[in-house]
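Asks: The file below is run35.pdb, PDB, C-alpha atoms, pLDDT in the B column:
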ATOM      1  CA  MET G 221      17.032  -6.992  17.387  1.00 72.00           C
ATOM      2  CA  GLU G 222      14.869 -10.112  17.637  1.00 86.00           C
ATOM      3  CA  LEU G 223      13.574 -10.858  14.147  1.00 90.00           C
ATOM      4  CA  LYS G 224      10.715 -13.294  14.822  1.00 92.00           C
ATOM      5  CA  PRO G 225       8.143 -14.425  12.231  1.00 94.00           C
ATOM      6  CA  GLY G 226       5.267 -11.941  12.131  1.00 94.00           C
ATOM      7  CA  SER G 227       7.208  -9.134  13.822  1.00 94.00           C
ATOM      8  CA  ARG G 228       6.732  -5.704  12.250  1.00 96.00           C
ATOM      9  CA  TRP G 229       9.582  -3.263  11.586  1.00 96.00           C
ATOM     10  CA  LYS G 230      10.014   0.094   9.895  1.00 96.00           C
ATOM     11  CA  SER G 231      12.829   2.177   8.521  1.00 95.00           C
ATOM     12  CA  ALA G 232      14.348   4.860  10.738  1.00 94.00           C
ATOM     13  CA  VAL G 233      14.789   7.165   7.713  1.00 94.00           C
ATOM     14  CA  CYS G 234      11.985   6.532   5.175  1.00 94.00           C
ATOM     15  CA  ASP G 235       8.444   5.142   4.881  1.00 93.00           C
ATOM     16  CA  THR G 236       9.455   1.484   4.355  1.00 95.00           C
ATOM     17  CA  GLU G 237       7.678  -1.032   6.595  1.00 96.00           C
ATOM     18  CA  VAL G 238       8.214  -4.810   6.630  1.00 96.00           C
ATOM     19  CA  VAL G 239       6.951  -7.984   8.300  1.00 96.00           C
ATOM     20  CA  VAL G 240       9.329 -10.871   8.962  1.00 95.00           C
ATOM     21  CA  VAL G 241       8.178 -13.968   7.062  1.00 95.00           C
ATOM     22  CA  ARG G 242      11.194 -16.192   7.804  1.00 94.00           C
ATOM     23  CA  PRO G 243      13.732 -15.250  10.483  1.00 93.00           C
ATOM     24  CA  PRO G 244      17.495 -15.468   9.872  1.00 92.00           C
ATOM     25  CA  LYS G 245      19.266 -18.731  10.769  1.00 90.00           C
ATOM     26  CA  ALA G 246      21.766 -16.799  12.901  1.00 88.00           C
ATOM     27  CA  GLU G 247      21.962 -13.336  14.433  1.00 88.00           C
ATOM     28  CA  ALA G 248      21.527 -10.699  11.710  1.00 89.00           C
ATOM     29  CA  SER G 249      20.966  -6.965  11.441  1.00 92.00           C
ATOM     30  CA  LEU G 250      18.141  -5.854   9.118  1.00 94.00           C
ATOM     31  CA  GLU G 251      18.638  -2.321   7.817  1.00 95.00           C
ATOM     32  CA  CYS G 252      16.899   0.108   5.509  1.00 95.00           C
ATOM     33  CA  GLY G 253      18.414   3.239   4.010  1.00 94.00           C
ATOM     34  CA  GLY G 254      21.735   2.517   5.717  1.00 93.00           C
ATOM     35  CA  TYR G 255      20.358   2.359   9.293  1.00 94.00           C
ATOM     36  CA  PRO G 256      18.983  -0.519  11.413  1.00 94.00           C
ATOM     37  CA  VAL G 257      15.209  -0.875  11.270  1.00 95.00           C
ATOM     38  CA  ILE G 258      13.200   0.004  14.373  1.00 94.00           C
ATOM     39  CA  ALA G 259      10.171  -1.652  15.949  1.00 94.00           C
ATOM     40  CA  HIS G 260       6.916  -0.637  14.295  1.00 91.00           C
ATOM     41  CA  ALA G 261       5.608   1.063  17.458  1.00 90.00           C
ATOM     42  CA  GLU G 262       8.729   3.240  17.947  1.00 91.00           C
ATOM     43  CA  ALA G 263       8.942   6.849  16.770  1.00 89.00           C
ATOM     44  CA  ARG G 264      11.391   7.622  13.976  1.00 89.00           C
ATOM     45  CA  PRO G 265      14.433   9.585  15.178  1.00 88.00           C
ATOM     46  CA  GLU G 266      14.685  13.207  14.075  1.00 88.00           C
ATOM     47  CA  GLY G 267      17.312  14.524  11.694  1.00 85.00           C
ATOM     48  CA  LYS G 268      18.368  11.313   9.950  1.00 87.00           C
ATOM     49  CA  ALA G 269      18.422  11.002   6.166  1.00 91.00           C
ATOM     50  CA  ILE G 270      18.903   8.028   3.879  1.00 91.00           C
ATOM     51  CA  ALA G 271      22.602   7.179   3.599  1.00 91.00           C
ATOM     52  CA  GLU G 272      24.285   7.710   0.237  1.00 91.00           C
ATOM     53  CA  GLY G 273      24.183   4.562  -1.880  1.00 90.00           C
ATOM     54  CA  PHE G 274      21.124   3.126  -0.100  1.00 93.00           C
ATOM     55  CA  THR G 275      18.379   4.777  -2.171  1.00 92.00           C
ATOM     56  CA  ASP G 276      17.213   1.928  -4.435  1.00 91.00           C
ATOM     57  CA  GLY G 277      13.881   1.810  -2.620  1.00 92.00           C
ATOM     58  CA  SER G 278      11.499  -0.989  -1.677  1.00 93.00           C
ATOM     59  CA  GLN G 279       8.109  -1.930  -3.092  1.00 94.00           C
ATOM     60  CA  ALA G 280       4.988  -2.851  -1.131  1.00 94.00           C
ATOM     61  CA  GLY G 281       3.790  -6.399  -1.711  1.00 93.00           C
ATOM     62  CA  LYS G 282       7.242  -7.720  -2.643  1.00 94.00           C
ATOM     63  CA  ARG G 283       9.141 -10.317  -0.664  1.00 95.00           C
ATOM     64  CA  TYR G 284      12.810  -9.640  -0.043  1.00 95.00           C
ATOM     65  CA  ALA G 285      15.031 -12.609   0.749  1.00 94.00           C
ATOM     66  CA  ASP G 286      18.650 -13.239   1.628  1.00 92.00           C
ATOM     67  CA  GLU G 287      20.005 -16.669   0.703  1.00 89.00           C
ATOM     68  CA  GLU G 288      23.023 -16.384   3.003  1.00 90.00           C
ATOM     69  CA  THR G 289      21.004 -15.924   6.219  1.00 92.00           C
ATOM     70  CA  GLY G 290      17.735 -17.499   5.051  1.00 92.00           C
ATOM     71  CA  MET G 291      15.812 -14.394   6.087  1.00 94.00           C
ATOM     72  CA  GLU G 292      12.700 -13.298   4.218  1.00 95.00           C
ATOM     73  CA  VAL G 293      10.582 -10.190   4.768  1.00 96.00           C
ATOM     74  CA  LEU G 294       7.409  -8.870   3.153  1.00 95.00           C
ATOM     75  CA  CYS G 295       7.388  -5.155   2.383  1.00 96.00           C
ATOM     76  CA  THR G 296       4.055  -3.697   3.543  1.00 96.00           C
ATOM     77  CA  LYS G 297       4.746  -0.044   2.774  1.00 95.00           C
ATOM     78  CA  THR G 298       6.846   1.406  -0.055  1.00 95.00           C
ATOM     79  CA  GLY G 299       9.833   3.573   0.805  1.00 94.00           C
ATOM     80  CA  GLN G 300      12.969   5.075  -0.722  1.00 95.00           C
ATOM     81  CA  GLY G 301      15.562   3.158   1.325  1.00 94.00           C
ATOM     82  CA  THR G 302      17.335  -0.038   0.243  1.00 95.00           C
ATOM     83  CA  LEU G 303      16.745  -3.124   2.424  1.00 95.00           C
ATOM     84  CA  THR G 304      20.038  -4.647   3.571  1.00 95.00           C
ATOM     85  CA  ILE G 305      21.371  -7.255   5.987  1.00 93.00           C
ATOM     86  CA  GLY G 306      24.656  -6.272   7.566  1.00 87.00           C
ATOM     87  CA  GLY G 307      25.141  -3.616   4.867  1.00 89.00           C
ATOM     88  CA  ARG G 308      24.617  -6.116   2.025  1.00 92.00           C
ATOM     89  CA  PRO G 309      21.586  -5.332  -0.201  1.00 93.00           C
ATOM     90  CA  ILE G 310      18.898  -7.998  -0.405  1.00 92.00           C
ATOM     91  CA  GLY G 311      16.777  -8.324  -3.505  1.00 88.00           C
ATOM     92  CA  ALA G 312      13.124  -8.897  -4.224  1.00 88.00           C
ATOM     93  CA  LYS G 313      12.143 -12.500  -4.861  1.00 85.00           C
ATOM     94  CA  GLU G 314      10.868 -13.370  -8.308  1.00 80.00           C
ATOM     95  CA  ALA G 315       7.307 -14.646  -8.520  1.00 75.00           C
ATOM     96  CA  LYS G 316       7.071 -18.385  -9.033  1.00 78.00           C
ATOM     97  CA  LYS G 317       5.761 -19.369 -12.417  1.00 80.00           C
ATOM     98  CA  LEU G 318       2.632 -21.473 -12.211  1.00 80.00           C
ATOM     99  CA  PRO G 319       2.210 -24.425 -14.538  1.00 82.00           C
ATOM    100  CA  ALA G 320       0.039 -23.801 -17.569  1.00 77.00           C
ATOM    101  CA  SER G 321      -3.429 -25.260 -17.330  1.00 72.00           C
ATOM    102  CA  ASP G 322      -4.808 -25.896 -20.780  1.00 61.00           C
TER     103      ASP G 322
END
Show me the file's structure as structure tokens.
Replies:
Amino acid sequence: MELKPGSRWKSAVCDTEVVVVRPPKAEASLECGGYPVIAHAEARPEGKAIAEGFTDGSQAGKRYADEETGMEVLCTKTGQGTLTIGGRPIGAKEAKKLPASD
């Protein structure tokens, strides 16, 4: 799995789709719903369901980042699977607060 900036990926088990914003510093496995993501152009495999414990979902328009690997992805389509790296859930980044302009 070559996670290059701008590459598009989708979940093998739900509707989640992401774009890589910042690649990982070292080799990493991006997963969704308990299974590795697949290239955007590939067909989803038949008969797979979201793994138990990986149903927190993802939200379109949110950035998900992992401090350990430095990876950051932008969710482009909402889905029911949890985004993980090596089985470890990654969370949505908080929006940066802009300075007040009075």
Asks: Within 12 Å of (20.7, -9.6, 14.4), in the coordinates the file gives, what residues turn up when you count all atoms listed in the file, written out as a VMD selection string?
Replies: chain G and resid 221 to 224 243 to 251 256 to 257 289 291 304 to 306
Asks: In the coordinate frame of the file, compute which residues have an atom within 7 Å of (15.3, 6.7, 9.9) when using only C-alpha atoms, and state them as a PyMOL selection string.
Replies: chain G and resi 231-234+255+264-265+268-269
Asks: Go through the shown structure with the PyMOL selection byres ((chain G and resi 272) around 10) and write out the matching residues as a PyMOL selection string.
Replies: chain G and resi 253-254+269-271+273-275+301
Asks: Which of these, G:Ala315, G:Gly267, G:Ile258, G:Thr236, has the shortest distance to Gln279 (chain G) once you count all atoms listed in the file?
Replies: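 Answer, going by the shortest atom-to-atom distance: G:Thr236.
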Asks: Neighbours of Thr296 (chain G) within 7 Å (all atoms listed in the file; same-chain residues fewer than 3 positions away dropped), as a JSON list (two decimals) with C-alpha atoms, in the frame of the given file?
Replies:
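selection-v5.json was written with the following content:
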[["chain", "number", "residue", "atom", "x", "y", "z"],
["G", 237, "GLU", "CA", 7.68, -1.03, 6.60],
["G", 238, "VAL", "CA", 8.21, -4.81, 6.63],
["G", 280, "ALA", "CA", 4.99, -2.85, -1.13],
["G", 281, "GLY", "CA", 3.79, -6.40, -1.71]]
Asks: Would you work out the distance separating CA of Lys230 (chain G) from CA of Gly277 (chain G), expressed in Å to one decimal?
Replies: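 Rounded to one decimal, the two atoms are 13.2 Å apart.
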Asks: By how many Å are CA of Cys295 (chain G) and CA of Arg283 (chain G) apart?
Replies: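 For CA of Cys295 (chain G) relative to CA of Arg283 (chain G), the distance reads 6.2 Å.
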Asks: Apply the PyMOL selection byres ((chain G and resi 284) around 9) to the structure shown and report the selected residues as a compact mmCIF listing (two decimals) with C-alpha atoms, in the frame of the given file.
Replies:
# COMPACT_ATOMS: atom_id res chain seq x y z
CA SER G 278 11.50 -0.99 -1.68
CA LYS G 282 7.24 -7.72 -2.64
CA ARG G 283 9.14 -10.32 -0.66
CA ALA G 285 15.03 -12.61 0.75
CA ASP G 286 18.65 -13.24 1.63
CA MET G 291 15.81 -14.39 6.09
CA GLU G 292 12.70 -13.30 4.22
CA VAL G 293 10.58 -10.19 4.77
CA LEU G 294 7.41 -8.87 3.15
CA CYS G 295 7.39 -5.16 2.38
CA LEU G 303 16.74 -3.12 2.42
CA ILE G 310 18.90 -8.00 -0.40
CA GLY G 311 16.78 -8.32 -3.50
CA ALA G 312 13.12 -8.90 -4.22
CA LYS G 313 12.14 -12.50 -4.86
Asks: Using the file's own x, y and z axes, what box holds all listed atoms of region 284-289 of chain G with 3 Å on each side, keeping edges along x, y and z, and what are its centre and edge lengths in Å to one decimal, as JSON?
Replies:
{"center_x": 17.9, "center_y": -13.2, "center_z": 3.1, "size_x": 16.2, "size_y": 13.0, "size_z": 12.3}
Asks: For the structure provided, state which residues fall under the PyMOL selection byres ((chain G and resi 227) around 6), and present them as a PyMOL selection string.
Replies: chain G and resi 224-226+228+239-240
Asks: Which one is closest to Gly307 (chain G): G:Glu266, G:Glu287, G:Ala261, G:Cys252? Count all atoms listed in the file.
Replies: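 Under the stated criterion, the closest residue is G:Cys252.
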Asks: Please compute the CA of Gln300 (chain G)-CA of Asp235 (chain G) distance, one decimal, in Å.
Replies: 7.2 Å
Asks: Please reconstruct the missing atoms of region 279-307 of chain G (target: N, CA and C atoms) and return them as an mmCIF file, in the frame of the given file.
Replies:
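Output contents, as saved in out.cif:
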data_model
loop_
_atom_site.group_PDB
_atom_site.id
_atom_site.type_symbol
_atom_site.label_atom_id
_atom_site.label_comp_id
_atom_site.auth_asym_id
_atom_site.auth_seq_id
_atom_site.Cartn_x
_atom_site.Cartn_y
_atom_site.Cartn_z
ATOM 1 N N GLN G 279 9.466 -1.961 -2.544
ATOM 2 C CA GLN G 279 8.109 -1.930 -3.092
ATOM 3 C C GLN G 279 7.160 -2.740 -2.225
ATOM 4 N N ALA G 280 6.010 -2.165 -1.909
ATOM 5 C CA ALA G 280 4.988 -2.851 -1.131
ATOM 6 C C ALA G 280 4.511 -4.090 -1.877
ATOM 7 N N GLY G 281 4.279 -5.160 -1.138
ATOM 8 C CA GLY G 281 3.790 -6.399 -1.711
ATOM 9 C C GLY G 281 4.877 -7.336 -2.191
ATOM 10 N N LYS G 282 6.119 -6.886 -2.201
ATOM 11 C CA LYS G 282 7.242 -7.720 -2.643
ATOM 12 C C LYS G 282 7.890 -8.393 -1.437
ATOM 13 N N ARG G 283 8.369 -9.606 -1.683
ATOM 14 C CA ARG G 283 9.141 -10.317 -0.664
ATOM 15 C C ARG G 283 10.615 -10.110 -0.962
ATOM 16 N N TYR G 284 11.374 -9.826 0.068
ATOM 17 C CA TYR G 284 12.810 -9.640 -0.043
ATOM 18 C C TYR G 284 13.476 -10.756 0.750
ATOM 19 N N ALA G 285 14.412 -11.451 0.111
ATOM 20 C CA ALA G 285 15.031 -12.609 0.749
ATOM 21 C C ALA G 285 16.546 -12.557 0.625
ATOM 22 N N ASP G 286 17.200 -13.143 1.613
ATOM 23 C CA ASP G 286 18.650 -13.239 1.628
ATOM 24 C C ASP G 286 19.023 -14.707 1.747
ATOM 25 N N GLU G 287 19.651 -15.252 0.715
ATOM 26 C CA GLU G 287 20.005 -16.669 0.703
ATOM 27 C C GLU G 287 21.033 -17.017 1.769
ATOM 28 N N GLU G 288 21.949 -16.109 2.046
ATOM 29 C CA GLU G 288 23.023 -16.384 3.003
ATOM 30 C C GLU G 288 22.490 -16.624 4.415
ATOM 31 N N THR G 289 21.539 -15.795 4.862
ATOM 32 C CA THR G 289 21.004 -15.924 6.219
ATOM 33 C C THR G 289 19.677 -16.683 6.253
ATOM 34 N N GLY G 290 19.033 -16.835 5.108
ATOM 35 C CA GLY G 290 17.735 -17.499 5.051
ATOM 36 C C GLY G 290 16.578 -16.589 5.423
ATOM 37 N N MET G 291 16.853 -15.327 5.667
ATOM 38 C CA MET G 291 15.812 -14.394 6.087
ATOM 39 C C MET G 291 14.944 -13.966 4.921
ATOM 40 N N GLU G 292 13.643 -13.791 5.223
ATOM 41 C CA GLU G 292 12.700 -13.298 4.218
ATOM 42 C C GLU G 292 11.734 -12.341 4.895
ATOM 43 N N VAL G 293 11.524 -11.178 4.252
ATOM 44 C CA VAL G 293 10.582 -10.190 4.768
ATOM 45 C C VAL G 293 9.601 -9.799 3.669
ATOM 46 N N LEU G 294 8.422 -9.377 4.071
ATOM 47 C CA LEU G 294 7.409 -8.870 3.153
ATOM 48 C C LEU G 294 7.304 -7.369 3.364
ATOM 49 N N CYS G 295 7.482 -6.610 2.293
ATOM 50 C CA CYS G 295 7.388 -5.155 2.383
ATOM 51 C C CYS G 295 5.901 -4.777 2.388
ATOM 52 N N THR G 296 5.460 -4.078 3.427
ATOM 53 C CA THR G 296 4.055 -3.697 3.543
ATOM 54 C C THR G 296 3.802 -2.230 3.217
ATOM 55 N N LYS G 297 4.876 -1.460 3.134
ATOM 56 C CA LYS G 297 4.746 -0.044 2.774
ATOM 57 C C LYS G 297 5.983 0.376 1.988
ATOM 58 N N THR G 298 5.761 0.973 0.823
ATOM 59 C CA THR G 298 6.846 1.406 -0.055
ATOM 60 C C THR G 298 7.644 2.541 0.570
ATOM 61 N N GLY G 299 8.960 2.513 0.326
ATOM 62 C CA GLY G 299 9.833 3.573 0.805
ATOM 63 C C GLY G 299 11.014 3.746 -0.128
ATOM 64 N N GLN G 300 11.840 4.743 0.142
ATOM 65 C CA GLN G 300 12.969 5.075 -0.722
ATOM 66 C C GLN G 300 14.265 4.387 -0.333
ATOM 67 N N GLY G 301 14.332 3.792 0.862
ATOM 68 C CA GLY G 301 15.562 3.158 1.325
ATOM 69 C C GLY G 301 15.737 1.743 0.806
ATOM 70 N N THR G 302 16.988 1.314 0.665
ATOM 71 C CA THR G 302 17.335 -0.038 0.243
ATOM 72 C C THR G 302 17.343 -0.958 1.459
ATOM 73 N N LEU G 303 16.706 -2.131 1.350
ATOM 74 C CA LEU G 303 16.745 -3.124 2.424
ATOM 75 C C LEU G 303 18.075 -3.865 2.356
ATOM 76 N N THR G 304 18.743 -3.984 3.499
ATOM 77 C CA THR G 304 20.038 -4.647 3.571
ATOM 78 C C THR G 304 20.117 -5.515 4.825
ATOM 79 N N ILE G 305 21.042 -6.463 4.803
ATOM 80 C CA ILE G 305 21.371 -7.255 5.987
ATOM 81 C C ILE G 305 22.871 -7.103 6.187
ATOM 82 N N GLY G 306 23.242 -6.506 7.287
ATOM 83 C CA GLY G 306 24.656 -6.272 7.566
ATOM 84 C C GLY G 306 25.334 -5.419 6.503
ATOM 85 N N GLY G 307 24.594 -4.493 5.894
ATOM 86 C CA GLY G 307 25.141 -3.616 4.867
ATOM 87 C C GLY G 307 25.116 -4.192 3.463
#
